[in-house]
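Okay, my_file.txt now, which holds compact mmCIF, C-alpha atoms:
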```
# COMPACT_ATOMS: atom_id res chain seq x y z
CA MET A 1 -81.86 82.21 152.85
CA PRO A 2 -78.99 83.22 155.16
CA ALA A 3 -77.02 80.39 156.75
CA THR A 4 -77.98 81.45 160.30
CA THR A 5 -81.70 81.26 159.45
CA VAL A 6 -81.27 77.77 157.99
CA ALA A 7 -79.35 76.62 161.08
CA ALA A 8 -81.98 78.10 163.41
CA THR A 9 -84.80 76.38 161.47
CA ALA A 10 -83.00 73.03 161.62
CA THR A 11 -82.79 73.12 165.42
CA GLU A 12 -86.27 74.47 166.12
CA PRO A 13 -88.76 71.93 167.45
CA ILE A 14 -91.23 70.63 164.84
CA ARG A 15 -94.09 71.14 167.30
CA SER A 16 -94.41 72.12 170.92
CA PRO A 17 -92.58 69.36 172.85
CA PHE A 18 -94.96 69.87 175.78
CA LEU A 19 -98.01 69.27 173.58
CA VAL A 20 -96.44 66.20 171.97
CA ILE A 21 -95.45 64.69 175.34
CA LEU A 22 -98.88 65.41 176.83
CA LEU A 23 -100.71 63.83 173.89
CA ALA A 24 -98.29 60.89 173.76
CA TRP A 25 -98.99 60.24 177.43
CA LEU A 26 -102.77 60.58 177.21
CA ILE A 27 -103.26 58.57 174.01
CA PRO A 28 -100.47 56.08 173.33
CA GLY A 29 -99.02 56.75 169.88
CA ALA A 30 -100.69 60.15 169.54
CA GLY A 31 -97.33 61.94 169.74
CA HIS A 32 -96.06 60.04 166.72
CA PHE A 33 -99.37 60.54 164.93
CA LEU A 34 -99.10 64.30 165.47
CA LEU A 35 -95.61 64.22 164.00
CA GLY A 36 -96.82 62.40 160.89
CA LYS A 37 -95.38 58.98 161.84
CA ARG A 38 -98.69 57.17 161.45
CA GLY A 39 -97.41 53.61 161.05
CA ARG A 40 -95.34 53.85 164.21
CA ALA A 41 -98.23 55.56 166.00
CA LEU A 42 -100.57 52.69 165.16
CA LEU A 43 -98.12 50.04 166.34
CA ILE A 44 -97.42 51.87 169.61
CA PHE A 45 -101.14 52.40 170.20
CA ALA A 46 -101.87 48.72 169.57
CA CYS A 47 -99.02 47.42 171.75
CA VAL A 48 -99.70 49.68 174.73
CA LEU A 49 -103.47 49.24 174.58
CA LEU A 50 -103.34 45.46 174.11
CA SER A 51 -100.85 45.05 176.94
CA PHE A 52 -103.10 47.13 179.20
CA LEU A 53 -106.26 45.27 178.08
CA PHE A 54 -104.73 41.84 178.62
CA GLY A 55 -103.67 42.99 182.10
CA VAL A 56 -107.18 44.16 182.92
CA LEU A 57 -108.77 41.00 181.48
CA MET A 58 -106.46 38.97 183.70
CA ARG A 59 -107.87 41.00 186.61
CA GLY A 60 -104.53 42.54 187.46
CA PRO A 61 -104.77 44.97 190.38
CA LEU A 62 -103.62 48.56 189.96
CA PHE A 63 -100.85 49.82 192.21
CA GLN A 64 -101.80 52.49 194.73
CA PRO A 65 -99.51 55.32 195.87
CA SER A 66 -99.22 53.93 199.37
CA GLY A 67 -97.48 51.00 200.95
CA GLY A 68 -96.30 49.39 204.10
CA ALA A 69 -93.89 50.83 206.57
CA ASP A 70 -90.79 49.46 204.90
CA VAL A 71 -89.01 51.25 202.09
CA LEU A 72 -89.17 48.33 199.66
CA SER A 73 -93.00 48.10 199.77
CA LYS A 74 -93.28 51.84 199.23
CA LEU A 75 -90.83 51.68 196.34
CA ILE A 76 -92.81 48.87 194.70
CA GLN A 77 -96.18 50.55 195.23
CA TYR A 78 -95.11 54.03 194.11
CA GLY A 79 -93.07 52.68 191.19
CA GLY A 80 -95.95 50.48 190.08
CA PHE A 81 -98.36 53.39 190.41
CA LEU A 82 -96.18 55.55 188.17
CA GLY A 83 -95.99 52.70 185.67
CA ASP A 84 -99.77 52.30 185.70
CA LEU A 85 -100.31 56.05 185.39
CA ALA A 86 -97.95 56.28 182.39
CA ALA A 87 -100.43 54.29 180.29
CA GLY A 88 -102.49 57.50 180.06
CA ILE A 89 -106.19 57.43 179.19
CA PRO A 90 -106.61 53.65 179.55
CA TYR A 91 -105.49 53.97 183.18
CA LEU A 92 -107.61 57.07 183.79
CA LEU A 93 -110.67 55.35 182.30
CA VAL A 94 -110.43 52.17 184.35
CA SER A 95 -109.81 54.23 187.48
CA PHE A 96 -112.78 56.48 186.70
CA PHE A 97 -115.09 53.51 186.15
CA GLY A 98 -114.01 51.98 189.45
CA TYR A 99 -112.06 48.99 188.18
CA ALA A 100 -111.36 46.93 191.26
CA PRO A 101 -110.38 43.31 190.80
CA PRO A 102 -111.00 40.92 193.70
CA ASP A 103 -108.28 41.09 196.29
CA SER A 104 -107.00 37.55 195.89
CA ALA A 105 -103.51 36.17 195.68
CA SER A 106 -103.90 34.60 192.25
CA HIS A 107 -100.85 34.18 190.08
CA VAL A 108 -102.91 35.15 186.98
CA SER A 109 -103.85 38.53 188.46
CA ASP A 110 -100.22 38.99 189.46
CA TYR A 111 -99.17 38.54 185.82
CA GLY A 112 -101.98 40.91 184.81
CA SER A 113 -100.70 43.67 187.07
CA LYS A 114 -97.26 43.33 185.46
CA LEU A 115 -98.75 43.64 181.96
CA ILE A 116 -100.54 46.84 183.04
CA VAL A 117 -97.28 48.32 184.35
CA ALA A 118 -95.48 47.15 181.19
CA ALA A 119 -98.04 49.06 179.09
CA GLY A 120 -97.16 52.26 180.95
CA LEU A 121 -93.43 51.68 180.65
CA LEU A 122 -93.71 51.04 176.91
CA ASN A 123 -95.67 54.28 176.63
CA ILE A 124 -92.84 56.12 178.41
CA LEU A 125 -90.42 54.80 175.75
CA ALA A 126 -92.78 56.05 173.06
CA MET A 127 -93.06 59.46 174.76
CA VAL A 128 -89.27 59.83 174.85
CA ASP A 129 -89.07 58.82 171.19
CA ALA A 130 -91.75 61.37 170.24
CA TYR A 131 -89.86 64.05 172.19
CA GLU A 132 -86.63 63.25 170.33
CA ILE A 133 -88.42 63.45 166.98
CA THR A 134 -89.97 66.79 167.98
CA THR A 135 -86.62 68.27 168.94
CA ARG A 136 -85.02 66.88 165.73
CA GLN A 137 -82.64 64.57 167.56
CA LYS A 138 -83.94 61.78 165.31
CA GLU A 139 -86.39 61.27 162.47
CA MET B 140 -114.81 38.20 180.69
CA THR B 141 -111.56 37.12 182.25
CA LEU B 142 -108.42 35.58 180.81
CA ASN B 143 -106.44 32.89 182.54
CA LEU B 144 -103.10 32.98 180.82
CA ASP B 145 -100.20 31.06 182.29
CA HIS B 146 -96.72 32.41 182.88
CA PHE B 147 -95.40 31.29 179.49
CA GLU B 148 -98.29 32.87 177.55
CA THR B 149 -98.00 36.12 179.52
CA SER B 150 -94.26 36.24 178.92
CA LEU B 151 -94.81 35.69 175.20
CA LEU B 152 -97.28 38.58 175.07
CA PHE B 153 -94.86 40.81 176.95
CA ALA B 154 -92.06 39.79 174.57
CA VAL B 155 -94.15 40.63 171.49
CA PHE B 156 -95.29 44.05 172.73
CA SER B 157 -91.87 45.03 174.08
CA SER B 158 -90.04 43.89 170.95
CA VAL B 159 -92.29 45.93 168.68
CA VAL B 160 -91.92 49.11 170.76
CA LEU B 161 -88.17 48.63 171.26
CA GLY B 162 -87.74 48.16 167.51
CA ILE B 163 -89.69 51.35 166.82
CA VAL B 164 -87.93 53.61 169.30
CA THR B 165 -84.32 52.48 168.94
CA LYS B 166 -83.69 52.25 165.20
CA ARG B 167 -83.94 54.70 162.33
CA THR B 168 -85.02 52.76 159.24
CA THR B 169 -87.88 50.31 158.80
CA ASP B 170 -85.49 47.51 157.89
CA GLU B 171 -83.40 48.10 161.02
CA ARG B 172 -86.54 48.29 163.16
CA VAL B 173 -87.86 44.95 161.91
CA LYS B 174 -84.48 43.27 162.41
CA TYR B 175 -84.02 44.71 165.90
CA GLY B 176 -87.59 43.82 166.90
CA LEU B 177 -87.02 40.20 165.81
CA TYR B 178 -83.66 40.17 167.60
CA CYS B 179 -85.28 41.42 170.83
CA PHE B 180 -88.04 38.83 170.52
CA ALA B 181 -85.44 36.07 170.05
CA CYS B 182 -83.55 37.34 173.12
CA PHE B 183 -86.74 37.35 175.20
CA LEU B 184 -87.49 33.77 174.09
CA ALA B 185 -83.93 32.64 174.82
CA ALA B 186 -84.12 34.19 178.29
CA LEU B 187 -87.55 32.65 178.89
CA PHE B 188 -86.44 29.14 178.00
CA GLY B 189 -82.98 29.56 179.56
CA ILE B 190 -84.27 30.79 182.91
CA GLY B 191 -87.08 28.22 182.78
CA TRP B 192 -84.64 25.35 182.39
CA PHE B 193 -82.31 26.89 184.99
CA MET B 194 -85.12 26.96 187.55
CA ARG B 195 -86.16 23.42 186.66
CA ILE B 196 -82.60 22.18 187.23
CA LEU B 197 -82.30 24.26 190.40
CA HIS B 198 -85.52 22.86 191.88
CA GLY B 199 -84.86 19.31 190.67
```
Could you spell out this file's structure in structure tokens?
Amino acid sequence: MPATTVAATATEPIRSPFLVILLAWLIPGAGHFLLGKRGRALLIFACVLLSFLFGVLMRGPLFQPSGGADVLSKLIQYGGFLGDLAAGIPYLLVSFFGYAPPDSASHVSDYGSKLIVAAGLLNILAMVDAYEITTRQKE
Amino acid sequence: MTLNLDHFETSLLFAVFSSVVLGIVTKRTTDERVKYGLYCFACFLAALFGIGWFMRILHG
């Protein structure tokens, strides 16, 4: 095999990065699973899902893309919404089924909302990792 | 079904989940991943207890 062909093969993505990112977002760990990293996929799936589930069981409210007049409230609401959304299907499912915890100022629900956002943020880390594996930046 | 976890329990959960994912995404070999995950977990615990005691001293 000519050297140029070998070099080209070594830099080609293993799979479509778009497909991997999309799957990794929708189902936490699915990007790694698609790339044959099943152990890592299972751990990511468990961590993201459990974090999200604990948040929901603690009746943590979901952030909405809205906010008060001041910039800080908007930043918190939009940032939290993006964090929630990054969890993928778990977020879409609870939104679809009308998950709406009581609007109370409980510290437990406050912790719950942070666990839900944390689930999304951990999934973003996993998506970036899956992208780097796809583009052969790491194994 | 609802859970009523306190701040310490919630922080521990967060530390476990974050340490596992950080170990997976930052290191290359299984051995390095396990070590880094444990290191992260220890750092989370140190921060949890450190900040906890700091706030206790601050509030009196």
Near chain A, 12 Å: chain B residue rows, closest pairs, all atoms listed in the file, as CSV:
```
residue,atom,partner,partner_atom,distance
B:Met140,CA,A:Leu57,CA,6.7
B:Thr141,CA,A:Leu57,CA,4.8
B:Leu142,CA,A:Met58,CA,4.9
B:Asn143,CA,A:Val108,CA,6.1
B:Leu144,CA,A:Val108,CA,6.5
B:Asp145,CA,A:Val108,CA,6.8
B:His146,CA,A:Tyr111,CA,7.2
B:Phe147,CA,A:Tyr111,CA,10.3
B:Glu148,CA,A:Tyr111,CA,10.1
B:Thr149,CA,A:Tyr111,CA,6.8
B:Ser150,CA,A:Tyr111,CA,8.8
B:Leu151,CA,A:Leu115,CA,11.2
B:Leu152,CA,A:Ser51,CA,7.6
B:Phe153,CA,A:Leu115,CA,6.9
B:Ala154,CA,A:Ala118,CA,10.5
B:Val155,CA,A:Cys47,CA,8.4
B:Phe156,CA,A:Cys47,CA,5.1
B:Ser157,CA,A:Leu122,CA,6.9
B:Ser158,CA,A:Cys47,CA,9.7
B:Val159,CA,A:Leu43,CA,7.5
B:Val160,CA,A:Ile44,CA,6.3
B:Leu161,CA,A:Leu125,CA,8.0
B:Gly162,CA,A:Arg40,CA,10.1
B:Ile163,CA,A:Arg40,CA,6.7
B:Val164,CA,A:Asp129,CA,5.7
B:Thr165,CA,A:Asp129,CA,8.2
B:Lys166,CA,A:Lys138,CA,9.5
B:Arg167,CA,A:Glu139,CA,7.0
B:Thr168,CA,A:Glu139,CA,9.2
B:Thr169,CA,A:Arg40,CA,9.9
B:Arg172,CA,A:Arg40,CA,10.5
B:Val173,CA,A:Arg40,CA,11.9
```
message: as a PyMOL selection string, please: the residues near Leu75 in chain A (cut-off 12 Å, all atoms listed in the file, same-chain neighbours under 5 positions excluded).
response: chain A and resi 63-70+80-83
Report, as lines of an AutoDock Vina configuration file, the centre and edge lengths in Å (one decimal) of the axis-aligned box enclosing every listed atom of range 141-147 of chain B, padded by 6 Å on each side.
```
center_x = -103.5
center_y = 34.1
center_z = 181.2
size_x = 28.2
size_y = 18.1
size_z = 15.4
```
- request: Could you tell me how far CA of Ser73 in chain A lies from CA of Ala105 in chain A, in Å and to one decimal?
  value: 16.4 Å
statement: CA of Phe33 in chain A sits from CA of Tyr178 in chain B at a separation of 25.9 Å
field: Atom-to-atom span, CA of Pro90 in chain A and CA of Lys37 in chain A, Å
entry: 21.6 Å
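With distances taken over all atoms listed in the file, A:Leu62 is the one residue among A:Leu72, A:Leu62, A:Tyr78, A:Leu85 lying closest to Gly98 in chain A.
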